[in-house]
Amino acid sequence: MKPRALLSQLAEADLRLLRVFIAIAESGGLAAAELRLNLSRSVISRHLKALETRLGVRLCERGRAGFALTEEGQTVLASARRLIAQIDAFRTEIGELHAQLRGELNLAVFDKFVTNPACHLAEAIGRFGAEAPAVRINLHVAHSSELESGLLEGRFQLGIQPFHRASDSFESVSLFGEPMQLYAATAHPLLVGGGAPDDAAIRAAALVGLGYHSPNMETFWRLGLQPTARAFDQEATVALIQSGRYLGFLPVHYAQRFVDEGAMRCVGEHSFHYHCDWHAFVLRHPGPPRVVRRFLEVLRACHAA
């Protein structure tokens, strides 16, 4: 495409095209975006071409080799996300001028929380929904770095995850706890014959750790352990443990079903364990809008009870 000036004026039609492009990029292609957008692939393709023409750049490569954003496409995606987040925040703030809470609430939660009996997020959503039926709630599951970047970029307004470091960017509120224990598959060599491995045998075994900064990583450092495999969510940790090769830490509530099925056993329970404190996070500057503040109040009340 010939070089040309990018948008000098932004119309509502441009915003619609940008939203379509974001959906395409996040879905990983035009075909995958059909269900999300409820549009046919031909219509999505026309929208994408219209945006490329409007911007004067090629946003992605699509064809037999697969789908991939161009360098320009990556830049436009990041800018479009910031723009849409700011527009949505503006609409939410304008909605706060009315007595009734309106707008959208974008929540992001770290992996594997539903089976934790100490987590009352579902109760908080129910209470808030009854109080503010005009607010649309979007709930995402995200790992730590995605959750934090999403808050900073405005894609999420409130995040919930295990607390692992203080940050000037976020205000945090403690909600609930989660005990973590070390587990092995019942087929692991350390458990053959029904024995209970001692601490030295556990330290010598192959271990799986989470591959990002977290209480899990800090525990490995504190205990002087060295992971020989990395997982990037709890489901991946389970798969590696079930291979019979690795030991790994899991939330007790999440591991219990595997223990009940006879697929796993807790090992080194007195020496190898830690505790996660889950917090809710919001941006410190600018402060959260009224919809988010009210949801946080409901969330705190549900966990205080």
# chains A, B, ... in the order shown; residues from 1 in each chain; ligands from 1
>>> residues_around(residues="segment 200-206 of chain A", least_positions_apart="6", cutoff="9 Å", atoms="only C-alpha atoms", output="list in words")
Leu190, Gly224, Leu225, Gln226, Pro227, Thr228, Ala229, Arg245, Tyr246, Leu247, Gly248, Val267 and Gly268 of chain A
>>> select_by_dssp(residues="segment 185-274 of chain A", states="strand (DSSP E)", output="list of chain:residue names")
A:Ala185, A:Leu207, A:Val208, A:Gly209, A:Leu210, A:Ala229, A:Arg230, A:Ala231, A:Leu247, A:Gly248, A:Phe249, A:Leu250, A:Pro251, A:Met264, A:Arg265, A:Cys266, A:Val267, A:His273, A:Tyr274
>>> write_last_selection(atoms="N, CA and C atoms", output="tab-separated table (two decimals), in the first residue's frame")
chain	number	residue	atom	x	y	z
A	185	ALA	N	2.20	-37.75	41.29
A	185	ALA	CA	1.30	-38.78	40.76
A	185	ALA	C	1.55	-40.08	41.52
A	207	LEU	N	11.22	-31.31	39.66
A	207	LEU	CA	10.13	-30.45	40.14
A	207	LEU	C	9.66	-29.53	39.02
A	208	VAL	N	8.36	-29.22	39.05
A	208	VAL	CA	7.81	-28.26	38.10
A	208	VAL	C	7.43	-26.99	38.86
A	209	GLY	N	7.82	-25.83	38.34
A	209	GLY	CA	7.49	-24.55	38.94
A	209	GLY	C	6.79	-23.65	37.94
A	210	LEU	N	6.10	-22.64	38.43
A	210	LEU	CA	5.45	-21.68	37.54
A	210	LEU	C	6.51	-20.79	36.90
A	229	ALA	N	11.31	-28.12	35.20
A	229	ALA	CA	10.30	-27.88	34.17
A	229	ALA	C	9.50	-26.65	34.59
A	230	ARG	N	8.97	-25.94	33.60
A	230	ARG	CA	8.17	-24.75	33.88
A	230	ARG	C	6.76	-24.94	33.34
A	231	ALA	N	5.78	-24.48	34.10
A	231	ALA	CA	4.38	-24.47	33.66
A	231	ALA	C	3.90	-23.03	33.74
A	247	LEU	N	7.23	-33.54	40.52
A	247	LEU	CA	6.46	-33.11	41.67
A	247	LEU	C	6.11	-31.63	41.46
A	248	GLY	N	4.97	-31.19	41.98
A	248	GLY	CA	4.61	-29.79	41.80
A	248	GLY	C	3.63	-29.32	42.85
A	249	PHE	N	3.63	-28.01	43.07
A	249	PHE	CA	2.71	-27.39	44.02
A	249	PHE	C	1.36	-27.12	43.35
A	250	LEU	N	0.29	-27.41	44.07
A	250	LEU	CA	-1.07	-27.12	43.61
A	250	LEU	C	-1.90	-26.59	44.77
A	251	PRO	N	-2.93	-25.79	44.48
A	251	PRO	CA	-3.88	-25.41	45.54
A	251	PRO	C	-4.56	-26.67	46.08
A	264	MET	N	-3.26	-38.78	42.54
A	264	MET	CA	-2.18	-38.01	43.15
A	264	MET	C	-2.14	-38.23	44.65
A	265	ARG	N	-0.98	-37.91	45.22
A	265	ARG	CA	-0.83	-37.88	46.67
A	265	ARG	C	-0.03	-36.66	47.07
A	266	CYS	N	-0.36	-36.11	48.23
A	266	CYS	CA	0.42	-35.01	48.80
A	266	CYS	C	1.71	-35.58	49.38
A	267	VAL	N	2.83	-34.93	49.14
A	267	VAL	CA	4.12	-35.38	49.67
A	267	VAL	C	4.79	-34.22	50.41
A	273	HIS	N	5.39	-26.50	51.59
A	273	HIS	CA	4.05	-25.89	51.45
A	273	HIS	C	4.20	-24.38	51.53
A	274	TYR	N	3.17	-23.68	51.11
A	274	TYR	CA	3.14	-22.23	51.27
A	274	TYR	C	1.69	-21.76	51.22
>>> residues_around(residues="Glu34 of chain A", least_positions_apart="4", cutoff="10 Å", atoms="only C-alpha atoms", output="list in words")
Ala23, Ile24, Ser27, Gly29, Leu30, Asn38, Leu39, Ser40, Arg41, Ser42, Val43 and Ile44 of chain A
>>> write_last_selection(atoms="C-alpha atoms", output="JSON list (two decimals), in the first residue's frame")
[["chain", "number", "residue", "atom", "x", "y", "z"],
["A", 23, "ALA", "CA", -11.57, -9.15, 17.76],
["A", 24, "ILE", "CA", -9.72, -10.60, 14.75],
["A", 27, "SER", "CA", -9.21, -14.53, 18.08],
["A", 29, "GLY", "CA", -7.74, -14.92, 12.53],
["A", 30, "LEU", "CA", -10.82, -14.10, 10.50],
["A", 38, "ASN", "CA", -21.50, -12.97, 14.83],
["A", 39, "LEU", "CA", -20.51, -11.90, 11.32],
["A", 40, "SER", "CA", -19.63, -13.92, 8.23],
["A", 41, "ARG", "CA", -16.00, -14.24, 7.21],
["A", 42, "SER", "CA", -16.64, -12.25, 4.02],
["A", 43, "VAL", "CA", -18.08, -9.33, 6.00],
["A", 44, "ILE", "CA", -15.18, -9.46, 8.48]]
>>> closest_residue(among="A:Ala132, A:Ala301, A:Leu158, A:Ala118", to="Val252 of chain A", atoms="only C-alpha atoms")
A:Ala118
>>> closest_residue(among="A:Ala31, A:Ile87, A:Gly195, A:Gly211", to="Arg19 of chain A", atoms="only C-alpha atoms")
A:Ile87
>>> closest_residue(among="A:Glu218, A:Glu235, A:Asp168, A:Asp260", to="Phe281 of chain A", atoms="only C-alpha atoms")
A:Asp168
>>> closest_atom_pairs(of="segment 143-211 of chain A", to="segment 71-84 of chain A", cutoff="10 Å", atoms="only C-alpha atoms", output="CSV")
residue,atom,partner,partner_atom,distance
A:Gly150,CA,A:Arg81,CA,9.7
A:Leu152,CA,A:Arg82,CA,9.4
A:Glu153,CA,A:Arg82,CA,5.8
A:Gly154,CA,A:Arg82,CA,6.5
A:Arg155,CA,A:Arg81,CA,7.1
>>> write_last_selection(atoms="C-alpha atoms", output="PDB file, in the first residue's frame")
ATOM      1  CA  GLY A 150      -4.585  -5.394  31.137  1.00  0.00           C
ATOM      2  CA  LEU A 152      -2.532  -0.695  33.009  1.00  0.00           C
ATOM      3  CA  GLU A 153      -3.887  -0.632  29.438  1.00  0.00           C
ATOM      4  CA  GLY A 154      -7.497  -0.204  30.594  1.00  0.00           C
ATOM      5  CA  ARG A 155      -8.741  -3.547  29.221  1.00  0.00           C
TER       6      ARG A 155
END
>>> closest_residue(among="A:Glu269, A:Glu171, A:Glu123, A:Glu148", to="Leu299 of chain A", atoms="only C-alpha atoms")
A:Glu123
>>> closest_residue(among="A:Asp233, A:Leu35, A:Lys49, A:His303", to="Leu17 of chain A", atoms="only C-alpha atoms")
A:Lys49
>>> decode(residues="segment 28-57 of chain A", atoms="C-alpha atoms", output="CSV table (one decimal), in the first residue's frame")
chain,number,residue,atom,x,y,z
A,28,GLY,CA,-6.2,-15.4,16.0
A,29,GLY,CA,-7.7,-14.9,12.5
A,30,LEU,CA,-10.8,-14.1,10.5
A,31,ALA,CA,-12.4,-17.5,10.7
A,32,ALA,CA,-12.0,-17.7,14.5
A,33,ALA,CA,-13.5,-14.2,14.9
A,34,GLU,CA,-16.8,-15.2,13.2
A,35,LEU,CA,-18.5,-16.6,16.4
A,36,ARG,CA,-17.2,-13.7,18.5
A,37,LEU,CA,-18.5,-11.0,16.1
A,38,ASN,CA,-21.5,-13.0,14.8
A,39,LEU,CA,-20.5,-11.9,11.3
A,40,SER,CA,-19.6,-13.9,8.2
A,41,ARG,CA,-16.0,-14.2,7.2
A,42,SER,CA,-16.6,-12.3,4.0
A,43,VAL,CA,-18.1,-9.3,6.0
A,44,ILE,CA,-15.2,-9.5,8.5
A,45,SER,CA,-12.7,-9.5,5.6
A,46,ARG,CA,-14.4,-6.4,4.0
A,47,HIS,CA,-14.2,-4.6,7.4
A,48,LEU,CA,-10.5,-5.4,7.7
A,49,LYS,CA,-9.7,-4.3,4.2
A,50,ALA,CA,-11.7,-1.1,4.9
A,51,LEU,CA,-9.6,-0.4,8.0
A,52,GLU,CA,-6.3,-1.1,6.1
A,53,THR,CA,-7.4,1.3,3.4
A,54,ARG,CA,-8.4,3.9,5.9
A,55,LEU,CA,-5.1,3.7,7.8
A,56,GLY,CA,-2.9,3.1,4.7
A,57,VAL,CA,-1.1,0.1,6.2
